[in-house]
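Participant: You'll find target_19.txt just under this line, and it carries compact mmCIF, C-alpha atoms.
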```txt
# COMPACT_ATOMS: atom_id res chain seq x y z
CA MET O 1 -197.74 37.46 -28.45
CA LYS O 2 -195.30 35.64 -30.73
CA ASN O 3 -194.19 39.03 -32.00
CA MET O 4 -193.05 40.17 -28.55
CA THR O 5 -189.32 40.19 -27.86
CA LEU O 6 -187.99 37.60 -25.42
CA VAL O 7 -187.28 40.32 -22.86
CA ASP O 8 -190.76 41.88 -23.15
CA PHE O 9 -192.41 38.47 -23.01
CA ALA O 10 -190.45 37.53 -19.86
CA ASN O 11 -191.39 40.89 -18.29
CA GLN O 12 -195.04 40.24 -19.09
CA VAL O 13 -194.87 36.75 -17.58
CA ALA O 14 -193.25 38.11 -14.41
CA SER O 15 -195.87 40.84 -13.94
CA ASN O 16 -198.92 40.64 -11.69
CA SER O 17 -201.13 39.80 -14.67
CA PRO O 18 -202.09 36.10 -14.72
CA VAL O 19 -201.49 35.97 -18.49
CA PRO O 20 -199.25 34.89 -20.06
CA GLY O 21 -198.93 32.18 -17.38
CA GLY O 22 -198.08 28.51 -17.18
CA GLY O 23 -200.31 27.55 -20.12
CA SER O 24 -198.64 29.96 -22.53
CA ILE O 25 -195.21 28.98 -21.19
CA ALA O 26 -196.06 25.35 -21.96
CA ALA O 27 -196.71 26.39 -25.56
CA VAL O 28 -193.40 28.33 -25.73
CA CYS O 29 -191.63 25.26 -24.42
CA GLY O 30 -193.25 23.05 -27.08
CA THR O 31 -192.41 25.59 -29.79
CA LEU O 32 -188.72 25.54 -28.86
CA SER O 33 -188.72 21.76 -28.62
CA ALA O 34 -190.02 21.48 -32.19
CA ALA O 35 -187.53 24.14 -33.35
CA LEU O 36 -184.56 22.30 -31.81
CA THR O 37 -185.71 19.07 -33.47
CA GLU O 38 -185.73 20.87 -36.82
CA MET O 39 -182.23 22.20 -36.09
CA VAL O 40 -180.81 18.72 -35.49
CA ALA O 41 -182.44 17.50 -38.72
CA ASN O 42 -181.12 20.57 -40.57
CA LEU O 43 -177.60 19.92 -39.24
CA THR O 44 -177.87 16.37 -40.62
CA ILE O 45 -178.82 17.36 -44.16
CA GLY O 46 -175.95 17.89 -46.62
CA LYS O 47 -173.52 15.71 -44.66
CA LYS O 48 -172.01 12.76 -46.60
CA LYS O 49 -172.14 10.52 -43.55
CA TYR O 50 -175.91 11.00 -43.29
CA MET O 51 -176.87 10.93 -46.98
CA GLN O 52 -179.08 7.89 -46.49
CA VAL O 53 -181.36 9.64 -44.00
CA GLU O 54 -181.55 12.96 -45.84
CA GLU O 55 -185.08 12.45 -47.20
CA HIS O 56 -186.25 11.21 -43.82
CA MET O 57 -184.78 14.31 -42.15
CA LYS O 58 -186.64 16.52 -44.61
CA GLU O 59 -189.91 14.84 -43.64
CA ILE O 60 -189.10 15.35 -39.95
CA ILE O 61 -188.40 19.04 -40.57
CA GLN O 62 -191.78 19.41 -42.27
CA GLU O 63 -193.65 17.73 -39.43
CA ALA O 64 -191.75 19.55 -36.69
CA CYS O 65 -192.23 22.87 -38.48
CA ASN O 66 -196.00 22.30 -38.67
CA LEU O 67 -196.08 21.58 -34.94
CA ARG O 68 -193.92 24.63 -34.23
CA ASN O 69 -196.20 26.93 -36.21
CA LYS O 70 -199.23 25.55 -34.42
CA LEU O 71 -197.64 25.72 -30.95
CA ILE O 72 -196.38 29.28 -31.36
CA ASP O 73 -199.96 30.40 -32.03
CA ASP O 74 -201.12 28.46 -28.98
CA ILE O 75 -199.09 30.87 -26.79
CA GLN O 76 -201.66 33.56 -27.55
CA LYS O 77 -204.59 31.14 -27.71
CA ASP O 78 -203.99 29.93 -24.16
CA SER O 79 -203.89 33.46 -22.75
CA ASP O 80 -207.04 34.35 -24.72
CA SER O 81 -208.88 31.33 -23.36
CA TYR O 82 -207.98 32.33 -19.81
CA ASN O 83 -209.12 35.89 -20.40
CA LYS O 84 -212.50 34.60 -21.61
CA VAL O 85 -212.95 32.74 -18.32
CA ILE O 86 -212.24 35.95 -16.38
CA THR O 87 -214.68 37.90 -18.57
CA SER O 88 -217.49 35.39 -18.04
CA TYR O 89 -217.04 35.44 -14.27
CA LYS O 90 -217.47 39.23 -14.46
CA MET O 91 -220.82 39.00 -16.28
CA PRO O 92 -223.88 40.47 -14.50
CA LYS O 93 -225.80 38.15 -12.17
CA ASP O 94 -228.62 40.34 -10.88
CA THR O 95 -231.58 38.57 -12.49
CA ASP O 96 -232.28 34.84 -12.83
CA GLU O 97 -231.88 35.12 -16.58
CA GLU O 98 -228.52 36.84 -16.20
CA LYS O 99 -227.42 34.16 -13.78
CA VAL O 100 -228.28 31.41 -16.29
CA ILE O 101 -226.48 33.18 -19.15
CA ARG O 102 -223.45 33.85 -16.94
CA GLN O 103 -223.24 30.22 -15.80
CA LYS O 104 -223.52 28.99 -19.39
CA ASN O 105 -220.71 31.36 -20.43
CA ILE O 106 -218.50 30.36 -17.53
CA GLN O 107 -218.91 26.69 -18.31
CA GLU O 108 -218.24 27.16 -22.02
CA SER O 109 -215.17 29.30 -21.41
CA LEU O 110 -213.81 26.78 -18.89
CA LYS O 111 -214.25 23.95 -21.40
CA ASN O 112 -212.34 25.96 -23.98
CA ALA O 113 -209.65 26.82 -21.40
CA ALA O 114 -209.21 23.08 -20.81
CA LEU O 115 -209.25 22.12 -24.49
CA VAL O 116 -206.56 24.64 -25.53
CA PRO O 117 -203.83 23.29 -23.21
CA LEU O 118 -204.92 19.71 -24.02
CA SER O 119 -204.21 20.52 -27.65
CA VAL O 120 -200.80 22.01 -26.64
CA ALA O 121 -200.02 18.80 -24.74
CA GLU O 122 -201.02 16.64 -27.71
CA SER O 123 -198.90 18.68 -30.13
CA SER O 124 -195.83 18.65 -27.87
CA TYR O 125 -196.28 14.92 -27.39
CA GLN O 126 -196.12 14.55 -31.17
CA VAL O 127 -192.67 16.16 -31.11
CA LEU O 128 -191.28 13.22 -29.10
CA PRO O 129 -191.19 10.60 -31.89
CA LEU O 130 -189.50 13.20 -34.13
CA VAL O 131 -186.94 13.87 -31.39
CA GLU O 132 -186.34 10.13 -31.08
CA GLU O 133 -185.67 9.89 -34.82
CA VAL O 134 -183.16 12.77 -34.95
CA ILE O 135 -181.33 11.42 -31.89
CA GLU O 136 -181.11 7.91 -33.37
CA LYS O 137 -180.46 8.76 -37.01
CA GLY O 138 -179.39 12.40 -37.12
CA ASN O 139 -176.05 14.19 -36.75
CA SER O 140 -174.46 12.76 -33.62
CA ASN O 141 -172.64 16.06 -32.98
CA ALA O 142 -176.04 17.59 -32.20
CA VAL O 143 -177.22 14.82 -29.89
CA THR O 144 -177.36 17.10 -26.83
CA ASP O 145 -179.68 19.43 -28.75
CA GLY O 146 -181.95 16.44 -29.38
CA LEU O 147 -181.89 15.55 -25.70
CA VAL O 148 -182.75 19.14 -24.74
CA ALA O 149 -185.63 19.03 -27.24
CA CYS O 150 -186.84 15.85 -25.53
CA MET O 151 -186.89 17.44 -22.06
CA MET O 152 -188.54 20.59 -23.43
CA ALA O 153 -191.31 18.48 -25.03
CA ARG O 154 -191.86 16.58 -21.77
CA THR O 155 -192.06 19.78 -19.74
CA SER O 156 -194.41 21.30 -22.29
CA VAL O 157 -196.80 18.31 -22.18
CA LEU O 158 -196.84 18.02 -18.38
CA SER O 159 -197.19 21.79 -17.91
CA ALA O 160 -200.06 22.00 -20.37
CA LEU O 161 -201.82 19.07 -18.70
CA LEU O 162 -201.66 20.85 -15.32
CA ASN O 163 -203.58 23.66 -16.97
CA VAL O 164 -206.17 21.20 -18.27
CA LYS O 165 -206.61 19.75 -14.79
CA ILE O 166 -207.04 23.06 -13.00
CA ASN O 167 -209.87 24.01 -15.36
CA LEU O 168 -211.59 20.63 -15.10
CA ILE O 169 -212.14 21.23 -11.37
CA SER O 170 -214.85 23.85 -12.06
CA ILE O 171 -216.57 22.14 -15.01
CA ASN O 172 -219.97 20.58 -14.27
CA ASP O 173 -220.33 18.40 -17.37
CA ILE O 174 -219.29 15.04 -15.89
CA ASP O 175 -218.91 13.30 -19.26
CA PHE O 176 -216.62 16.08 -20.51
CA VAL O 177 -214.57 15.96 -17.31
CA ASN O 178 -214.26 12.16 -17.32
CA ASN O 179 -213.30 12.11 -20.98
CA LEU O 180 -210.58 14.72 -20.54
CA ASN O 181 -209.33 13.25 -17.27
CA GLY O 182 -208.79 9.96 -19.05
CA LYS O 183 -206.84 11.67 -21.83
CA VAL O 184 -204.75 13.64 -19.33
CA LYS O 185 -203.77 10.55 -17.32
CA GLU O 186 -202.84 8.55 -20.41
CA LEU O 187 -200.78 11.39 -21.91
CA GLU O 188 -199.02 12.03 -18.60
CA ILE O 189 -197.91 8.42 -18.20
CA ARG O 190 -196.94 8.03 -21.86
CA THR O 191 -194.91 11.25 -21.80
CA MET O 192 -192.93 10.38 -18.69
CA GLU O 193 -192.17 6.92 -20.09
CA TYR O 194 -191.24 8.34 -23.51
CA GLU O 195 -188.85 10.91 -22.02
CA LYS O 196 -187.20 8.20 -19.92
CA LYS O 197 -186.82 5.94 -22.97
CA ILE O 198 -185.22 8.73 -25.04
CA LEU O 199 -182.91 9.95 -22.25
CA GLU O 200 -181.63 6.39 -21.83
CA LYS O 201 -180.14 6.71 -25.31
CA SER O 202 -177.97 9.57 -24.04
CA PRO O 203 -174.25 8.91 -24.39
CA PHE O 204 -173.69 11.08 -21.29
CA MET R 1 -180.65 37.81 -28.71
CA LYS R 2 -183.07 38.77 -25.94
CA ASN R 3 -184.36 41.52 -28.21
CA MET R 4 -185.47 39.05 -30.89
CA THR R 5 -189.18 38.29 -31.16
CA LEU R 6 -190.33 34.83 -30.11
CA VAL R 7 -191.09 33.94 -33.73
CA ASP R 8 -187.70 35.12 -35.02
CA PHE R 9 -185.90 33.37 -32.19
CA ALA R 10 -187.73 30.09 -32.91
CA ASN R 11 -186.89 30.44 -36.62
CA GLN R 12 -183.25 30.98 -35.74
CA VAL R 13 -183.22 27.93 -33.48
CA ALA R 14 -184.81 25.77 -36.20
CA SER R 15 -182.31 26.85 -38.87
CA ASN R 16 -179.18 24.95 -39.89
CA SER R 17 -177.03 27.21 -37.74
CA PRO R 18 -175.92 25.44 -34.54
CA VAL R 19 -176.61 28.60 -32.53
CA PRO R 20 -178.82 29.32 -30.75
CA GLY R 21 -178.96 25.65 -29.73
CA GLY R 22 -179.63 23.60 -26.63
CA GLY R 23 -177.44 25.77 -24.39
CA SER R 24 -179.28 28.98 -25.21
CA ILE R 25 -182.62 27.19 -24.95
CA ALA R 26 -181.64 26.07 -21.45
CA ALA R 27 -181.13 29.74 -20.57
CA VAL R 28 -184.52 30.70 -22.07
CA CYS R 29 -186.12 27.95 -20.02
CA GLY R 30 -184.48 29.23 -16.83
CA THR R 31 -185.49 32.81 -17.64
CA LEU R 32 -189.15 31.82 -17.97
CA SER R 33 -188.97 29.72 -14.82
CA ALA R 34 -187.76 32.73 -12.83
CA ALA R 35 -190.39 34.94 -14.49
CA LEU R 36 -193.23 32.56 -13.58
CA THR R 37 -191.99 32.44 -9.99
CA GLU R 38 -192.14 36.22 -9.88
CA MET R 39 -195.66 36.11 -11.29
CA VAL R 40 -196.92 33.79 -8.55
CA ALA R 41 -195.33 36.05 -5.92
CA ASN R 42 -196.83 39.12 -7.62
CA LEU R 43 -200.27 37.49 -7.63
CA THR R 44 -199.88 36.93 -3.87
CA ILE R 45 -199.08 40.53 -2.99
CA GLY R 46 -202.02 42.79 -2.13
CA LYS R 47 -204.32 39.90 -1.15
CA LYS R 48 -205.75 40.04 2.39
CA LYS R 49 -205.42 36.28 2.82
CA TYR R 50 -201.68 36.47 2.18
CA MET R 51 -200.82 39.66 4.05
CA GLN R 52 -198.47 37.80 6.40
CA VAL R 53 -196.20 36.63 3.56
CA GLU R 54 -196.20 39.90 1.61
CA GLU R 55 -192.69 40.97 2.65
CA HIS R 56 -191.37 37.48 2.00
CA MET R 57 -192.94 37.51 -1.48
CA LYS R 58 -191.24 40.85 -2.22
CA GLU R 59 -187.89 39.31 -1.33
CA ILE R 60 -188.61 36.34 -3.61
CA ILE R 61 -189.49 38.69 -6.46
CA GLN R 62 -186.18 40.50 -6.02
CA GLU R 63 -184.17 37.28 -6.03
CA ALA R 64 -186.07 35.73 -8.95
CA CYS R 65 -185.78 38.96 -10.92
CA ASN R 66 -182.00 39.02 -10.44
CA LEU R 67 -181.78 35.43 -11.68
CA ARG R 68 -184.06 36.22 -14.63
CA ASN R 69 -181.94 39.21 -15.68
CA LYS R 70 -178.81 37.09 -15.46
CA LEU R 71 -180.30 34.11 -17.30
CA ILE R 72 -181.74 36.18 -20.15
CA ASP R 73 -178.22 37.49 -20.87
CA ASP R 74 -176.90 33.93 -20.75
CA ILE R 75 -178.97 33.14 -23.89
CA GLN R 76 -176.54 35.26 -25.90
CA LYS R 77 -173.53 34.32 -23.79
CA ASP R 78 -173.99 30.62 -24.51
CA SER R 79 -174.20 31.16 -28.25
CA ASP R 80 -171.13 33.45 -28.13
CA SER R 81 -169.13 30.84 -26.24
CA TYR R 82 -169.99 28.22 -28.87
CA ASN R 83 -169.02 30.57 -31.69
CA LYS R 84 -165.63 31.12 -30.05
CA VAL R 85 -165.01 27.37 -30.09
CA ILE R 86 -165.82 27.26 -33.81
CA THR R 87 -163.52 30.25 -34.46
CA SER R 88 -160.61 28.66 -32.62
CA TYR R 89 -160.96 25.40 -34.55
CA LYS R 90 -160.70 27.48 -37.75
CA MET R 91 -157.38 29.09 -36.72
CA PRO R 92 -154.35 28.42 -38.96
CA LYS R 93 -152.27 25.34 -38.16
CA ASP R 94 -149.51 25.44 -40.76
CA THR R 95 -146.51 26.10 -38.50
CA ASP R 96 -145.68 24.55 -35.12
CA GLU R 97 -146.19 27.93 -33.48
CA GLU R 98 -149.62 28.30 -35.08
CA LYS R 99 -150.52 24.80 -33.93
CA VAL R 100 -149.62 25.66 -30.33
CA ILE R 101 -151.55 28.92 -30.39
CA ARG R 102 -154.55 27.21 -31.99
CA GLN R 103 -154.58 24.41 -29.44
CA LYS R 104 -154.35 26.91 -26.59
CA ASN R 105 -157.27 28.87 -28.03
CA ILE R 106 -159.36 25.75 -28.56
CA GLN R 107 -158.81 24.61 -25.00
CA GLU R 108 -159.59 28.03 -23.54
CA SER R 109 -162.74 28.43 -25.62
CA LEU R 110 -163.91 24.92 -24.67
CA LYS R 111 -163.42 25.71 -20.98
CA ASN R 112 -165.48 28.84 -21.38
CA ALA R 113 -168.14 26.93 -23.35
CA ALA R 114 -168.38 24.53 -20.39
CA LEU R 115 -168.41 27.24 -17.72
CA VAL R 116 -171.21 29.28 -19.31
CA PRO R 117 -173.83 26.46 -19.24
CA LEU R 118 -172.60 25.44 -15.77
CA SER R 119 -173.44 28.94 -14.64
CA VAL R 120 -176.87 28.66 -16.33
CA ALA R 121 -177.47 25.38 -14.49
CA GLU R 122 -176.45 26.92 -11.16
CA SER R 123 -178.72 29.93 -11.67
CA SER R 124 -181.72 27.83 -12.69
CA TYR R 125 -181.10 25.56 -9.72
CA GLN R 126 -181.33 28.65 -7.51
CA VAL R 127 -184.85 29.25 -8.84
CA LEU R 128 -186.06 25.98 -7.27
CA PRO R 129 -186.10 27.09 -3.58
CA LEU R 130 -187.96 30.24 -4.67
CA VAL R 131 -190.48 28.09 -6.56
CA GLU R 132 -190.92 25.93 -3.46
CA GLU R 133 -191.66 29.02 -1.37
CA VAL R 134 -194.29 30.45 -3.73
CA ILE R 135 -195.99 27.05 -4.03
CA GLU R 136 -196.09 26.57 -0.26
CA LYS R 137 -196.88 30.11 0.84
CA GLY R 138 -198.10 31.98 -2.23
CA ASN R 139 -201.51 32.41 -3.87
CA SER R 140 -202.96 28.91 -4.16
CA ASN R 141 -204.89 29.93 -7.29
CA ALA R 142 -201.56 30.16 -9.09
CA VAL R 143 -200.20 26.82 -7.89
CA THR R 144 -200.07 25.33 -11.38
CA ASP R 145 -197.91 28.26 -12.50
CA GLY R 146 -195.52 27.41 -9.66
CA LEU R 147 -195.45 23.77 -10.73
CA VAL R 148 -194.74 24.77 -14.33
CA ALA R 149 -191.91 27.02 -13.07
CA CYS R 150 -190.51 24.01 -11.21
CA MET R 151 -190.45 21.80 -14.31
CA MET R 152 -188.97 24.62 -16.40
CA ALA R 153 -186.16 25.09 -13.84
CA ARG R 154 -185.44 21.34 -13.84
CA THR R 155 -185.34 21.18 -17.63
CA SER R 156 -183.12 24.26 -17.73
CA VAL R 157 -180.60 22.77 -15.27
CA LEU R 158 -180.45 19.33 -16.91
CA SER R 159 -180.25 20.83 -20.42
CA ALA R 160 -177.46 23.20 -19.44
CA LEU R 161 -175.53 20.36 -17.79
CA LEU R 162 -175.68 18.32 -21.01
CA ASN R 163 -173.94 21.25 -22.67
CA VAL R 164 -171.28 21.26 -19.96
CA LYS R 165 -170.68 17.53 -20.46
CA ILE R 166 -170.36 17.65 -24.24
CA ASN R 167 -167.64 20.31 -23.94
CA LEU R 168 -165.76 18.47 -21.18
CA ILE R 169 -165.13 15.56 -23.60
CA SER R 170 -162.56 17.58 -25.57
CA ILE R 171 -160.85 19.37 -22.66
CA ASN R 172 -157.37 18.09 -21.77
CA ASP R 173 -156.99 19.72 -18.34
CA ILE R 174 -157.83 16.71 -16.15
CA ASP R 175 -158.24 18.74 -12.96
CA PHE R 176 -160.67 21.11 -14.67
CA VAL R 177 -162.63 18.17 -16.11
CA ASN R 178 -162.78 16.28 -12.81
CA ASN R 179 -163.81 19.38 -10.92
CA LEU R 180 -166.64 20.19 -13.34
CA ASN R 181 -167.74 16.57 -13.67
CA GLY R 182 -168.18 16.46 -9.92
CA LYS R 183 -170.28 19.62 -9.96
CA VAL R 184 -172.37 18.33 -12.86
CA LYS R 185 -173.18 15.02 -11.17
CA GLU R 186 -174.09 16.66 -7.87
CA LEU R 187 -176.31 19.27 -9.52
CA GLU R 188 -178.02 16.64 -11.68
CA ILE R 189 -178.95 14.45 -8.72
CA ARG R 190 -179.99 17.40 -6.55
CA THR R 191 -182.17 18.85 -9.31
CA MET R 192 -184.01 15.61 -10.05
CA GLU R 193 -184.66 15.09 -6.33
CA TYR R 194 -185.75 18.70 -5.84
CA GLU R 195 -188.19 18.58 -8.74
CA LYS R 196 -189.67 15.34 -7.41
CA LYS R 197 -190.04 16.86 -3.92
CA ILE R 198 -191.81 19.96 -5.25
CA LEU R 199 -194.10 18.05 -7.64
CA GLU R 200 -195.21 15.85 -4.74
CA LYS R 201 -196.81 18.98 -3.24
CA SER R 202 -199.07 19.19 -6.29
CA PRO R 203 -202.76 19.01 -5.45
CA PHE R 204 -203.34 17.36 -8.86
```
Can the structure in the file be given as structure tokens, please?
Facilitator:
Amino acid sequence: MKNMTLVDFANQVASNSPVPGGGSIAAVCGTLSAALTEMVANLTIGKKKYMQVEEHMKEIIQEACNLRNKLIDDIQKDSDSYNKVITSYKMPKDTDEEKVIRQKNIQESLKNAALVPLSVAESSYQVLPLVEEVIEKGNSNAVTDGLVACMMARTSVLSALLNVKINLISINDIDFVNNLNGKVKELEIRTMEYEKKILEKSPF
Amino acid sequence: MKNMTLVDFANQVASNSPVPGGGSIAAVCGTLSAALTEMVANLTIGKKKYMQVEEHMKEIIQEACNLRNKLIDDIQKDSDSYNKVITSYKMPKDTDEEKVIRQKNIQESLKNAALVPLSVAESSYQVLPLVEEVIEKGNSNAVTDGLVACMMARTSVLSALLNVKINLISINDIDFVNNLNGKVKELEIRTMEYEKKILEKSPF
């Protein structure tokens, strides 16, 4: 999916196919947030005024680039996980044995379809401290790019978490559901607070 | 730019070139918000349960599609407007005449570089009432996609407005600045309130 053009990807999103949907979009959003963070760090390197933070910026670029490469693959991964849920619901259910196998497959595919966006949310959340660093210590001419990266990371996390929650509804494993629900709530609160904290640094 | 692949576009964002930057990303975000809104409407059409809203959904698709086609072209337009600012700053300033011409060019290019993201913000803001409609009346199975579209529209508007504000700083035409500052503030407040209102409809 990452090899689609922007225009083809947008067409595909708009179509009456449920994938790529909100989960994949969350991953796109996280990808671009990490990319913008790298850009601000890159625009800081090689400038006399920022010589002291040059090594730090290089570390940030490495971390943000790793997250970007992971998140861009999650675009496809999220759509695949959704497709697996659809496929398991379509499995035969004529005999008792078939019913058991189908249920097992549905439950497994739903768990995976919850874990993939949770991982997207966790990765995009990890972009936030990098964003904070480039806004505080990076090239001040690119501060708006840092602030955009911050809002993109927030929207990526919250969007991905919505996709976790919708899948949790149909999962029977109470321990799994409780565990993930706890993670979702914590990440949601932390993300909203973190975005607020970063946006308060805005000179605008 | 819309014909770049997602991976190439993200690489370009991450690079040490200031374009595409936050302004173009705002346009991408708005594009995907409109596309997701279309998807929810498309997933509503042809379903017995939603027969009564079918015509309404078709109208929403048309409006969202127009906004999407406009916003996807704004990705390039924003980067072009920034490049024009850079070019005007590089104009010769050896003679008094050159200085005057250069200043005129700088001011004109800055105005354009403020108007382009303002237009992005206005278009993405127009996605919000469409999002509200598909969440309220569209296929409830796709409600999370609607909520993601809402957050994408909000992030697009606020990101684009940051790019308006940073350009206003260097514009000398007080009337122009005051006029745009007023629009920015109003749109900012309206967008934050609208997002809050829509997210309160979330069943999660």
Participant: Only residues of chain O matter here; which ones have an atom within 7 Å of chain R, counting only C-alpha atoms? Give them as a VMD selection string.
Facilitator: chain O and resid 2 to 7 10 13 to 16 21 to 22 32 35 to 36 38 to 39 42 to 43 144 to 145 148 151 to 152 155 159 162 to 163
Participant: Any idea what the distance is between CA of Tyr50 in chain O and CA of Ile135 in chain O?
Facilitator: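 About the pair CA of Tyr50 in chain O and CA of Ile135 in chain O: they are 12.6 Å apart.
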Participant: Here is a test: counting only C-alpha atoms, which residue of O:Glu136, O:Asp94, O:Gln126, O:Lys77 is nearest to Ala114 in chain O?
Facilitator: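 Distance minimum relative to Ala114 in chain O lands on O:Lys77.
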Participant: Rounded to one decimal, what separation in Å do you get between CA of Ile174 in chain O and CA of Val100 in chain O?
Facilitator: 18.7 Å
Participant: Work out how far CA of Tyr82 in chain O is from CA of Lys70 in chain O, in Å to one decimal.
Facilitator: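 Separation of CA of Lys70 in chain O and CA of Tyr82 in chain O: 18.3 Å.
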Participant: For range 103-110 of chain R, which lacks atoms in the input, supply all heavy atoms and format the output as a CSV table (one decimal), in the coordinates of the input.
Facilitator:
```csv
chain,number,residue,atom,x,y,z
R,103,GLN,N,-154.2,25.3,-30.5
R,103,GLN,CA,-154.6,24.4,-29.4
R,103,GLN,C,-154.9,25.1,-28.1
R,103,GLN,O,-155.9,24.8,-27.5
R,103,GLN,CB,-153.4,23.4,-29.2
R,103,GLN,CG,-153.6,22.0,-29.8
R,103,GLN,CD,-155.0,21.4,-29.6
R,103,GLN,OE1,-155.5,21.4,-28.5
R,103,GLN,NE2,-155.6,20.9,-30.6
R,104,LYS,N,-154.1,26.1,-27.8
R,104,LYS,CA,-154.4,26.9,-26.6
R,104,LYS,C,-155.7,27.6,-26.7
R,104,LYS,O,-156.5,27.6,-25.7
R,104,LYS,CB,-153.2,28.0,-26.4
R,104,LYS,CG,-153.1,28.5,-25.0
R,104,LYS,CD,-151.9,29.4,-24.9
R,104,LYS,CE,-151.9,30.2,-23.6
R,104,LYS,NZ,-152.6,31.5,-23.8
R,105,ASN,N,-156.0,28.2,-27.8
R,105,ASN,CA,-157.3,28.9,-28.0
R,105,ASN,C,-158.5,27.9,-28.0
R,105,ASN,O,-159.5,28.2,-27.4
R,105,ASN,CB,-157.3,29.6,-29.4
R,105,ASN,CG,-156.9,31.0,-29.2
R,105,ASN,OD1,-157.7,31.9,-28.9
R,105,ASN,ND2,-155.6,31.3,-29.4
R,106,ILE,N,-158.3,26.7,-28.6
R,106,ILE,CA,-159.4,25.8,-28.6
R,106,ILE,C,-159.7,25.4,-27.1
R,106,ILE,O,-160.8,25.4,-26.7
R,106,ILE,CB,-159.0,24.5,-29.4
R,106,ILE,CG1,-159.0,24.8,-30.9
R,106,ILE,CG2,-159.9,23.3,-29.1
R,106,ILE,CD1,-158.4,23.7,-31.8
R,107,GLN,N,-158.6,25.1,-26.4
R,107,GLN,CA,-158.8,24.6,-25.0
R,107,GLN,C,-159.5,25.7,-24.1
R,107,GLN,O,-160.4,25.4,-23.3
R,107,GLN,CB,-157.5,24.1,-24.4
R,107,GLN,CG,-157.0,22.8,-25.0
R,107,GLN,CD,-157.9,21.7,-24.7
R,107,GLN,OE1,-158.4,21.5,-23.6
R,107,GLN,NE2,-158.3,20.9,-25.7
R,108,GLU,N,-159.0,26.9,-24.3
R,108,GLU,CA,-159.6,28.0,-23.5
R,108,GLU,C,-161.1,28.2,-23.9
R,108,GLU,O,-161.9,28.5,-23.0
R,108,GLU,CB,-158.8,29.3,-23.8
R,108,GLU,CG,-157.6,29.5,-22.8
R,108,GLU,CD,-156.7,30.6,-23.2
R,108,GLU,OE1,-157.1,31.5,-24.0
R,108,GLU,OE2,-155.6,30.7,-22.7
R,109,SER,N,-161.4,28.2,-25.2
R,109,SER,CA,-162.7,28.4,-25.6
R,109,SER,C,-163.6,27.3,-25.2
R,109,SER,O,-164.8,27.5,-24.8
R,109,SER,CB,-162.8,28.6,-27.1
R,109,SER,OG,-162.4,27.4,-27.8
R,110,LEU,N,-163.1,26.1,-25.2
R,110,LEU,CA,-163.9,24.9,-24.7
R,110,LEU,C,-164.2,25.1,-23.2
R,110,LEU,O,-165.3,24.8,-22.7
R,110,LEU,CB,-163.2,23.6,-24.9
R,110,LEU,CG,-163.2,23.1,-26.4
R,110,LEU,CD1,-162.2,21.9,-26.5
R,110,LEU,CD2,-164.6,22.6,-26.7
```
